[in-house]
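**Q** File follows, start_32.csv with CSV, N, CA and C atoms:
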chain,number,residue,atom,x,y,z
A,1,MET,N,119.6,104.1,105.8
A,1,MET,CA,118.7,103.0,106.0
A,1,MET,C,118.6,102.2,104.7
A,2,SER,N,118.8,100.9,104.8
A,2,SER,CA,118.8,100.1,103.6
A,2,SER,C,117.4,100.0,103.0
A,3,ASN,N,117.4,99.6,101.7
A,3,ASN,CA,116.2,99.5,101.0
A,3,ASN,C,115.3,98.5,101.5
A,4,GLU,N,115.8,97.3,102.0
A,4,GLU,CA,115.0,96.2,102.5
A,4,GLU,C,114.4,96.7,103.8
A,5,ILE,N,115.1,97.4,104.6
A,5,ILE,CA,114.5,97.9,105.9
A,5,ILE,C,113.3,98.9,105.6
A,6,ARG,N,113.6,99.8,104.6
A,6,ARG,CA,112.6,100.7,104.2
A,6,ARG,C,111.3,100.1,103.7
A,7,ARG,N,111.5,99.0,102.9
A,7,ARG,CA,110.4,98.3,102.3
A,7,ARG,C,109.6,97.5,103.3
A,8,ASN,N,110.2,97.3,104.5
A,8,ASN,CA,109.5,96.5,105.5
A,8,ASN,C,108.9,97.4,106.6
A,9,MET,N,109.1,98.7,106.5
A,9,MET,CA,108.6,99.6,107.5
A,9,MET,C,107.1,99.7,107.5
A,10,ALA,N,106.4,99.6,108.6
A,10,ALA,CA,105.0,99.6,108.7
A,10,ALA,C,104.5,101.0,108.6
A,11,LEU,N,104.0,101.4,107.4
A,11,LEU,CA,103.6,102.8,107.1
A,11,LEU,C,102.2,103.0,106.8
A,12,PHE,N,101.5,102.1,106.1
A,12,PHE,CA,100.2,102.3,105.6
A,12,PHE,C,99.1,101.7,106.4
A,13,PRO,N,98.1,102.5,106.8
A,13,PRO,CA,96.9,101.9,107.4
A,13,PRO,C,96.1,101.2,106.3
A,14,ILE,N,95.1,100.4,106.7
A,14,ILE,CA,94.3,99.6,105.8
A,14,ILE,C,93.6,100.4,104.8
A,15,GLY,N,93.2,101.7,105.1
A,15,GLY,CA,92.4,102.5,104.2
A,15,GLY,C,93.3,102.8,103.0
A,16,ILE,N,94.5,103.2,103.2
A,16,ILE,CA,95.4,103.5,102.0
A,16,ILE,C,95.7,102.2,101.2
A,17,VAL,N,95.9,101.1,101.9
A,17,VAL,CA,96.1,99.9,101.2
A,17,VAL,C,94.9,99.5,100.4
A,18,MET,N,93.7,99.7,100.9
A,18,MET,CA,92.5,99.4,100.1
A,18,MET,C,92.5,100.2,98.8
A,19,LYS,N,92.9,101.5,98.8
A,19,LYS,CA,93.0,102.3,97.7
A,19,LYS,C,94.1,101.9,96.7
A,20,LEU,N,95.2,101.5,97.2
A,20,LEU,CA,96.3,101.1,96.4
A,20,LEU,C,96.1,99.8,95.7
A,21,THR,N,95.4,98.9,96.3
A,21,THR,CA,95.2,97.5,95.8
A,21,THR,C,93.8,97.2,95.2
A,22,ASP,N,92.9,98.1,95.4
A,22,ASP,CA,91.5,97.9,95.0
A,22,ASP,C,90.9,96.6,95.6
A,23,LEU,N,91.4,96.3,96.8
A,23,LEU,CA,90.8,95.2,97.6
A,23,LEU,C,90.0,95.8,98.7
A,24,THR,N,89.0,95.1,99.2
A,24,THR,CA,88.2,95.5,100.3
A,24,THR,C,88.9,95.2,101.7
A,25,ALA,N,88.5,95.8,102.7
A,25,ALA,CA,89.1,95.5,104.0
A,25,ALA,C,88.8,94.1,104.4
A,26,ARG,N,87.6,93.6,104.0
A,26,ARG,CA,87.3,92.2,104.3
A,26,ARG,C,88.3,91.2,103.6
A,27,GLN,N,88.6,91.5,102.3
A,27,GLN,CA,89.5,90.7,101.6
A,27,GLN,C,90.9,90.7,102.2
A,28,ILE,N,91.3,91.9,102.6
A,28,ILE,CA,92.7,92.0,103.2
A,28,ILE,C,92.7,91.2,104.5
A,29,ARG,N,91.7,91.4,105.4
A,29,ARG,CA,91.6,90.6,106.6
A,29,ARG,C,91.5,89.1,106.4
A,30,TYR,N,90.8,88.7,105.3
A,30,TYR,CA,90.8,87.3,105.0
A,30,TYR,C,92.1,86.7,104.6
A,31,TYR,N,92.9,87.5,103.9
A,31,TYR,CA,94.2,87.0,103.5
A,31,TYR,C,95.1,87.0,104.7
A,32,GLU,N,94.9,87.9,105.6
A,32,GLU,CA,95.7,87.8,106.9
A,32,GLU,C,95.3,86.6,107.7
A,33,GLN,N,94.0,86.3,107.8
A,33,GLN,CA,93.5,85.1,108.5
A,33,GLN,C,94.1,83.8,108.0
A,34,ASN,N,94.3,83.8,106.7
A,34,ASN,CA,94.9,82.7,106.0
A,34,ASN,C,96.4,82.7,105.9
A,35,ASP,N,97.0,83.6,106.7
A,35,ASP,CA,98.5,83.6,106.8
A,35,ASP,C,99.2,83.9,105.5
A,36,LEU,N,98.5,84.7,104.6
A,36,LEU,CA,99.2,85.1,103.4
A,36,LEU,C,99.9,86.4,103.5
A,37,ILE,N,99.5,87.2,104.5
A,37,ILE,CA,100.2,88.4,104.8
A,37,ILE,C,100.2,88.5,106.4
A,38,GLN,N,101.2,89.3,106.9
A,38,GLN,CA,101.3,89.5,108.3
A,38,GLN,C,101.6,91.0,108.6
A,39,PRO,N,100.6,91.8,108.5
A,39,PRO,CA,100.9,93.3,108.8
A,39,PRO,C,101.2,93.4,110.2
A,40,ALA,N,101.9,94.5,110.5
A,40,ALA,CA,102.3,94.9,111.9
A,40,ALA,C,101.0,95.4,112.5
A,41,ARG,N,101.1,95.5,113.9
A,41,ARG,CA,100.0,96.0,114.6
A,41,ARG,C,100.5,97.1,115.6
A,42,THR,N,99.8,98.1,115.7
A,42,THR,CA,100.1,99.1,116.7
A,42,THR,C,99.6,98.7,118.1
A,43,GLU,N,100.0,99.4,119.1
A,43,GLU,CA,99.5,99.0,120.5
A,43,GLU,C,98.0,99.0,120.5
A,44,GLY,N,97.4,99.9,119.7
A,44,GLY,CA,95.9,99.9,119.6
A,44,GLY,C,95.3,98.9,118.7
A,45,LYS,N,96.1,98.0,118.2
A,45,LYS,CA,95.7,96.9,117.3
A,45,LYS,C,95.4,97.3,115.9
A,46,GLN,N,95.8,98.6,115.5
A,46,GLN,CA,95.6,99.0,114.1
A,46,GLN,C,96.6,98.3,113.2
A,47,ARG,N,96.2,97.8,112.1
A,47,ARG,CA,97.1,97.1,111.1
A,47,ARG,C,97.8,98.2,110.4
A,48,LEU,N,99.1,98.0,110.2
A,48,LEU,CA,100.0,98.9,109.4
A,48,LEU,C,100.7,98.0,108.4
A,49,PHE,N,100.7,98.4,107.2
A,49,PHE,CA,101.3,97.6,106.1
A,49,PHE,C,102.6,98.3,105.5
A,50,SER,N,103.5,97.4,105.0
A,50,SER,CA,104.7,97.9,104.4
A,50,SER,C,104.6,97.9,102.9
A,51,PHE,N,105.6,98.4,102.2
A,51,PHE,CA,105.6,98.2,100.8
A,51,PHE,C,105.6,96.8,100.4
A,52,ASN,N,106.3,95.9,101.1
A,52,ASN,CA,106.3,94.5,100.8
A,52,ASN,C,104.9,93.9,101.0
A,53,ASP,N,104.2,94.3,102.0
A,53,ASP,CA,102.8,93.8,102.1
A,53,ASP,C,101.9,94.2,101.0
A,54,VAL,N,102.1,95.4,100.5
A,54,VAL,CA,101.3,95.9,99.3
A,54,VAL,C,101.7,95.0,98.1
A,55,ASP,N,103.0,94.8,97.9
A,55,ASP,CA,103.4,93.9,96.8
A,55,ASP,C,102.7,92.6,96.9
A,56,ARG,N,102.7,92.0,98.1
A,56,ARG,CA,102.2,90.7,98.2
A,56,ARG,C,100.7,90.7,98.0
A,57,LEU,N,100.0,91.7,98.5
A,57,LEU,CA,98.5,91.8,98.2
A,57,LEU,C,98.2,91.9,96.8
A,58,LEU,N,99.0,92.6,96.0
A,58,LEU,CA,98.8,92.7,94.6
A,58,LEU,C,99.1,91.4,93.9
A,59,GLU,N,100.1,90.7,94.4
A,59,GLU,CA,100.4,89.4,93.8
A,59,GLU,C,99.2,88.4,94.1
A,60,ILE,N,98.7,88.4,95.3
A,60,ILE,CA,97.6,87.6,95.7
A,60,ILE,C,96.4,87.9,94.7
A,61,LYS,N,96.1,89.2,94.6
A,61,LYS,CA,95.0,89.6,93.7
A,61,LYS,C,95.2,89.1,92.3
A,62,GLU,N,96.4,89.2,91.8
A,62,GLU,CA,96.7,88.7,90.4
A,62,GLU,C,96.5,87.2,90.3
A,63,LEU,N,97.0,86.4,91.3
A,63,LEU,CA,96.8,85.0,91.3
A,63,LEU,C,95.3,84.6,91.4
A,64,ILE,N,94.6,85.3,92.2
A,64,ILE,CA,93.1,85.0,92.3
A,64,ILE,C,92.5,85.3,90.9
A,65,GLU,N,92.9,86.3,90.3
A,65,GLU,CA,92.3,86.7,89.0
A,65,GLU,C,92.6,85.6,87.9
A,66,LYS,N,93.8,84.9,88.2
A,66,LYS,CA,94.2,83.8,87.3
A,66,LYS,C,93.5,82.5,87.6
A,67,GLY,N,92.7,82.5,88.7
A,67,GLY,CA,91.9,81.3,89.1
A,67,GLY,C,92.4,80.5,90.2
A,68,LEU,N,93.5,80.9,90.8
A,68,LEU,CA,94.0,80.1,92.0
A,68,LEU,C,93.1,80.4,93.2
A,69,ASN,N,93.0,79.3,94.0
A,69,ASN,CA,92.3,79.5,95.3
A,69,ASN,C,93.4,79.7,96.4
A,70,ILE,N,93.0,79.9,97.6
A,70,ILE,CA,93.9,80.2,98.7
A,70,ILE,C,94.9,79.1,98.9
A,71,ALA,N,94.5,77.9,98.8
A,71,ALA,CA,95.5,76.7,99.0
A,71,ALA,C,96.5,76.8,97.8
A,72,GLY,N,96.1,77.1,96.6
A,72,GLY,CA,97.1,77.2,95.5
A,72,GLY,C,98.0,78.4,95.7
A,73,ILE,N,97.5,79.5,96.2
A,73,ILE,CA,98.3,80.7,96.4
A,73,ILE,C,99.4,80.3,97.5
A,74,LYS,N,99.0,79.6,98.5
A,74,LYS,CA,99.9,79.2,99.6
A,74,LYS,C,101.0,78.4,99.0
A,75,GLN,N,100.7,77.5,98.1
A,75,GLN,CA,101.7,76.6,97.5
A,75,GLN,C,102.6,77.4,96.6
A,76,VAL,N,102.1,78.4,95.9
A,76,VAL,CA,103.0,79.3,95.1
A,76,VAL,C,103.9,80.0,96.0
A,77,PHE,N,103.5,80.6,97.1
A,77,PHE,CA,104.3,81.3,98.0
A,77,PHE,C,105.3,80.4,98.7
A,78,ASP,N,104.9,79.1,99.0
A,78,ASP,CA,105.9,78.2,99.6
A,78,ASP,C,107.0,77.8,98.6
A,79,LEU,N,106.7,77.8,97.3
A,79,LEU,CA,107.8,77.5,96.3
A,79,LEU,C,108.8,78.7,96.2
A,80,LYS,N,108.3,79.9,96.4
A,80,LYS,CA,109.2,81.0,96.3
A,80,LYS,C,110.1,81.1,97.5
A,81,ALA,N,111.1,82.0,97.4
A,81,ALA,CA,112.0,82.2,98.5
A,81,ALA,C,111.2,82.9,99.7
A,82,PRO,N,111.4,82.5,100.9
A,82,PRO,CA,110.6,83.0,102.0
A,82,PRO,C,110.9,84.5,102.2
A,83,ILE,N,110.0,85.2,102.8
A,83,ILE,CA,110.2,86.6,103.1
A,83,ILE,C,111.3,86.8,104.0
A,84,THR,N,112.3,87.7,103.7
A,84,THR,CA,113.5,87.8,104.5
A,84,THR,C,113.2,88.6,105.8
A,85,MET,N,112.3,89.5,105.8
A,85,MET,CA,111.9,90.3,106.9
A,85,MET,C,110.4,90.5,107.0
A,86,GLU,N,109.9,90.3,108.2
A,86,GLU,CA,108.5,90.6,108.4
A,86,GLU,C,108.2,92.1,108.7
A,87,THR,N,107.0,92.5,108.4
A,87,THR,CA,106.7,93.9,108.7
A,87,THR,C,106.6,94.0,110.2
A,88,GLU,N,107.3,95.0,110.7
A,88,GLU,CA,107.3,95.2,112.1
A,88,GLU,C,107.3,96.7,112.5
A,89,ILE,N,106.9,97.0,113.6
A,89,ILE,CA,106.9,98.3,114.1
A,89,ILE,C,108.0,98.5,115.1
A,90,THR,N,109.0,99.3,114.7
A,90,THR,CA,110.1,99.5,115.6
A,90,THR,C,110.0,101.0,116.1
A,91,GLU,N,110.7,101.3,117.1
A,91,GLU,CA,110.7,102.7,117.6
A,91,GLU,C,111.0,103.7,116.5
A,92,THR,N,112.0,103.3,115.7
A,92,THR,CA,112.4,104.2,114.5
A,92,THR,C,111.3,104.3,113.5
A,93,SER,N,110.7,103.1,113.1
A,93,SER,CA,109.7,103.1,112.1
A,93,SER,C,108.4,103.9,112.5
A,94,GLU,N,108.1,103.7,113.8
A,94,GLU,CA,106.9,104.4,114.3
A,94,GLU,C,107.1,105.9,114.4
A,95,LYS,N,108.3,106.3,114.8
A,95,LYS,CA,108.6,107.7,114.8
A,95,LYS,C,108.6,108.3,113.4
A,96,THR,N,109.2,107.6,112.4
A,96,THR,CA,109.2,108.0,111.1
A,96,THR,C,107.8,108.1,110.5
A,97,ARG,N,106.9,107.1,110.8
A,97,ARG,CA,105.5,107.1,110.3
A,97,ARG,C,104.8,108.3,110.8
A,98,LYS,N,104.9,108.6,112.1
A,98,LYS,CA,104.2,109.7,112.7
A,98,LYS,C,104.6,111.0,112.2
A,99,GLU,N,105.9,111.1,111.8
A,99,GLU,CA,106.5,112.4,111.3
A,99,GLU,C,106.1,112.6,109.8
A,100,LEU,N,105.8,111.5,109.1
A,100,LEU,CA,105.5,111.7,107.7
A,100,LEU,C,104.2,112.3,107.5
A,101,THR,N,104.1,113.3,106.6
A,101,THR,CA,102.9,113.9,106.2
A,101,THR,C,102.3,113.0,105.1
A,102,ASP,N,101.1,113.2,104.8
A,102,ASP,CA,100.5,112.5,103.6
A,102,ASP,C,101.3,112.8,102.4
A,103,LYS,N,101.7,114.0,102.2
A,103,LYS,CA,102.4,114.4,101.0
A,103,LYS,C,103.8,113.6,100.9
A,104,GLU,N,104.5,113.5,102.1
A,104,GLU,CA,105.8,112.8,102.1
A,104,GLU,C,105.6,111.3,101.9
A,105,LEU,N,104.5,110.8,102.5
A,105,LEU,CA,104.2,109.4,102.3
A,105,LEU,C,103.9,109.1,100.8
A,106,HIS,N,103.2,110.0,100.2
A,106,HIS,CA,102.9,109.9,98.8
A,106,HIS,C,104.2,110.0,97.9
A,107,GLN,N,105.1,110.9,98.3
A,107,GLN,CA,106.4,111.0,97.6
A,107,GLN,C,107.2,109.7,97.8
A,108,LEU,N,107.2,109.1,99.0
A,108,LEU,CA,108.0,107.9,99.2
A,108,LEU,C,107.4,106.8,98.4
A,109,LEU,N,106.1,106.7,98.3
A,109,LEU,CA,105.5,105.6,97.5
A,109,LEU,C,105.8,105.8,96.1
A,110,LYS,N,105.7,107.1,95.6
A,110,LYS,CA,106.1,107.4,94.2
A,110,LYS,C,107.5,107.0,93.9
A,111,GLN,N,108.4,107.3,94.8
A,111,GLN,CA,109.8,106.9,94.7
A,111,GLN,C,110.0,105.4,94.5
A,112,GLN,N,109.3,104.6,95.3
A,112,GLN,CA,109.4,103.2,95.3
A,112,GLN,C,108.9,102.6,94.0
A,113,ILE,N,107.9,103.3,93.4
A,113,ILE,CA,107.3,102.8,92.1
A,113,ILE,C,108.2,103.2,90.9
A,114,THR,N,108.6,104.5,91.0
A,114,THR,CA,109.3,105.0,89.8
A,114,THR,C,110.8,104.6,89.8
A,115,ASN,N,111.4,104.2,90.9
A,115,ASN,CA,112.8,103.9,90.9
A,115,ASN,C,113.0,102.4,90.7
A,116,PRO,N,113.4,102.0,89.5
A,116,PRO,CA,113.6,100.6,89.2
A,116,PRO,C,114.6,99.9,90.1
A,117,GLY,N,115.5,100.6,90.6
A,117,GLY,CA,116.5,100.0,91.6
A,117,GLY,C,115.9,99.7,92.9
A,118,ALA,N,114.7,100.2,93.2
A,118,ALA,CA,114.1,99.9,94.5
A,118,ALA,C,113.4,98.6,94.5
A,119,PHE,N,113.3,97.9,93.4
A,119,PHE,CA,112.7,96.6,93.3
A,119,PHE,C,113.7,95.5,93.3
A,120,ARG,N,113.4,94.5,94.1
A,120,ARG,CA,114.3,93.4,94.2
A,120,ARG,C,114.4,92.7,92.8
A,121,HIS,N,115.6,92.0,92.6
A,121,HIS,CA,115.8,91.3,91.4
A,121,HIS,C,114.8,90.2,91.2
A,122,GLY,N,114.2,90.2,90.0
A,122,GLY,CA,113.2,89.2,89.7
A,122,GLY,C,111.8,89.4,90.2
A,123,GLU,N,111.6,90.6,90.8
A,123,GLU,CA,110.3,90.9,91.4
A,123,GLU,C,109.3,91.1,90.3
A,124,ASN,N,108.1,90.7,90.6
A,124,ASN,CA,107.0,91.0,89.7
A,124,ASN,C,106.8,92.5,89.5
A,125,VAL,N,106.7,92.9,88.2
A,125,VAL,CA,106.5,94.3,87.9
A,125,VAL,C,105.1,94.8,88.1
A,126,LEU,N,104.2,93.9,88.6
A,126,LEU,CA,102.8,94.2,88.7
A,126,LEU,C,102.6,95.4,89.6
A,127,LEU,N,103.4,95.5,90.7
A,127,LEU,CA,103.2,96.6,91.6
A,127,LEU,C,103.4,97.9,90.9
A,128,ARG,N,104.4,98.1,90.1
A,128,ARG,CA,104.7,99.3,89.4
A,128,ARG,C,103.5,99.6,88.5
A,129,GLY,N,103.0,98.7,87.7
A,129,GLY,CA,101.9,98.9,86.8
A,129,GLY,C,100.6,99.2,87.5
A,130,GLU,N,100.3,98.5,88.6
A,130,GLU,CA,99.1,98.7,89.3
A,130,GLU,C,99.1,100.0,90.0
A,131,LEU,N,100.2,100.4,90.7
A,131,LEU,CA,100.2,101.6,91.5
A,131,LEU,C,100.5,102.9,90.7
A,132,SER,N,101.0,102.7,89.5
A,132,SER,CA,101.4,103.9,88.7
A,132,SER,C,100.1,104.7,88.3
A,133,ARG,N,99.0,104.2,88.4
A,133,ARG,CA,97.7,105.0,88.1
A,133,ARG,C,97.5,106.1,89.1
A,134,PHE,N,98.2,106.0,90.2
A,134,PHE,CA,98.0,107.1,91.2
A,134,PHE,C,98.9,108.3,91.0
A,135,PHE,N,99.8,108.2,90.0
A,135,PHE,CA,100.7,109.2,89.7
A,135,PHE,C,100.6,109.7,88.3
A,136,HIS,N,100.1,110.8,88.1
A,136,HIS,CA,100.0,111.3,86.7
A,136,HIS,C,101.0,112.4,86.3
In structure tokens, how does this file's structure come out?
**A**
Amino acid sequence: MSNEIRRNMALFPIGIVMKLTDLTARQIRYYEQNDLIQPARTEGKQRLFSFNDVDRLLEIKELIEKGLNIAGIKQVFDLKAPITMETEITETSEKTRKELTDKELHQLLKQQITNPGAFRHGENVLLRGELSRFFH
């Protein structure tokens, strides 16, 4: 499985994303309403986020802390290269997500953070710094 496919797998429910990003559910839903992120949805309408979604949420958080509003953030994202793959739920990703224990999910997240090769060229290192606090 390629790294890009793995980074777009819908794995994280909103509760885990809230802990990883220090954002509230309301903030995350607001960014979704403003088309800044597009998490996948299960048949039961539960939001599931990928590693790329978490990256993007952390980037949004950083831009807001720098004083940008939603319109400014949209312009920043429009200037960047578009997202190559959207988060989606496939039969394979759903099977993988259901089979992953919390410990395995934690290890996968740790691998993504600690493996410099897992990050795309030129990607903001914010994710690694922000999420590294979960791994001592």
**Q** Neighbouring residues of A:Phe51 were defined as those with any atom within 7 Å, considering all atoms listed in the file; residues of the same chain fewer than 3 positions away were excluded. Please report them as a PDB file with N, CA and C atoms, keeping the file's coordinate frame.
**A**
ATOM      1  N   ARG A   6     113.600  99.800 104.600  1.00  0.00           N
ATOM      2  CA  ARG A   6     112.600 100.700 104.200  1.00  0.00           C
ATOM      3  C   ARG A   6     111.300 100.100 103.700  1.00  0.00           C
ATOM      4  N   ARG A   7     111.500  99.000 102.900  1.00  0.00           N
ATOM      5  CA  ARG A   7     110.400  98.300 102.300  1.00  0.00           C
ATOM      6  C   ARG A   7     109.600  97.500 103.300  1.00  0.00           C
ATOM      7  N   ASN A   8     110.200  97.300 104.500  1.00  0.00           N
ATOM      8  CA  ASN A   8     109.500  96.500 105.500  1.00  0.00           C
ATOM      9  C   ASN A   8     108.900  97.400 106.600  1.00  0.00           C
ATOM     10  N   MET A   9     109.100  98.700 106.500  1.00  0.00           N
ATOM     11  CA  MET A   9     108.600  99.600 107.500  1.00  0.00           C
ATOM     12  C   MET A   9     107.100  99.700 107.500  1.00  0.00           C
ATOM     13  N   ALA A  10     106.400  99.600 108.600  1.00  0.00           N
ATOM     14  CA  ALA A  10     105.000  99.600 108.700  1.00  0.00           C
ATOM     15  C   ALA A  10     104.500 101.000 108.600  1.00  0.00           C
ATOM     16  N   LEU A  11     104.000 101.400 107.400  1.00  0.00           N
ATOM     17  CA  LEU A  11     103.600 102.800 107.100  1.00  0.00           C
ATOM     18  C   LEU A  11     102.200 103.000 106.800  1.00  0.00           C
ATOM     19  N   PHE A  12     101.500 102.100 106.100  1.00  0.00           N
ATOM     20  CA  PHE A  12     100.200 102.300 105.600  1.00  0.00           C
ATOM     21  C   PHE A  12      99.100 101.700 106.400  1.00  0.00           C
ATOM     22  N   VAL A  54     102.100  95.400 100.500  1.00  0.00           N
ATOM     23  CA  VAL A  54     101.300  95.900  99.300  1.00  0.00           C
ATOM     24  C   VAL A  54     101.700  95.000  98.100  1.00  0.00           C
ATOM     25  N   ASP A  55     103.000  94.800  97.900  1.00  0.00           N
ATOM     26  CA  ASP A  55     103.400  93.900  96.800  1.00  0.00           C
ATOM     27  C   ASP A  55     102.700  92.600  96.900  1.00  0.00           C
ATOM     28  N   ARG A  56     102.700  92.000  98.100  1.00  0.00           N
ATOM     29  CA  ARG A  56     102.200  90.700  98.200  1.00  0.00           C
ATOM     30  C   ARG A  56     100.700  90.700  98.000  1.00  0.00           C
TER      31      ARG A  56
END
**Q** Go through A:Leu79, A:Asn69, A:Leu23, A:Pro13 one by one, measure the shortest atom-to-atom distance of each to A:Ser50 using all atoms listed in the file, and give the residue with the smallest value.
**A**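 Among A:Leu79, A:Asn69, A:Leu23, A:Pro13, it is A:Pro13 that comes nearest to A:Ser50.
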**Q** If I take atom C of A:Ala25 and atom CA of A:Arg47, how far is one from the other in Å, to one decimal?
**A** 11.1 Å
**Q** Between atom CA of A:Gln46 and atom CA of A:Thr21, what is the distance, to one decimal in Å?
**A** 18.4 Å
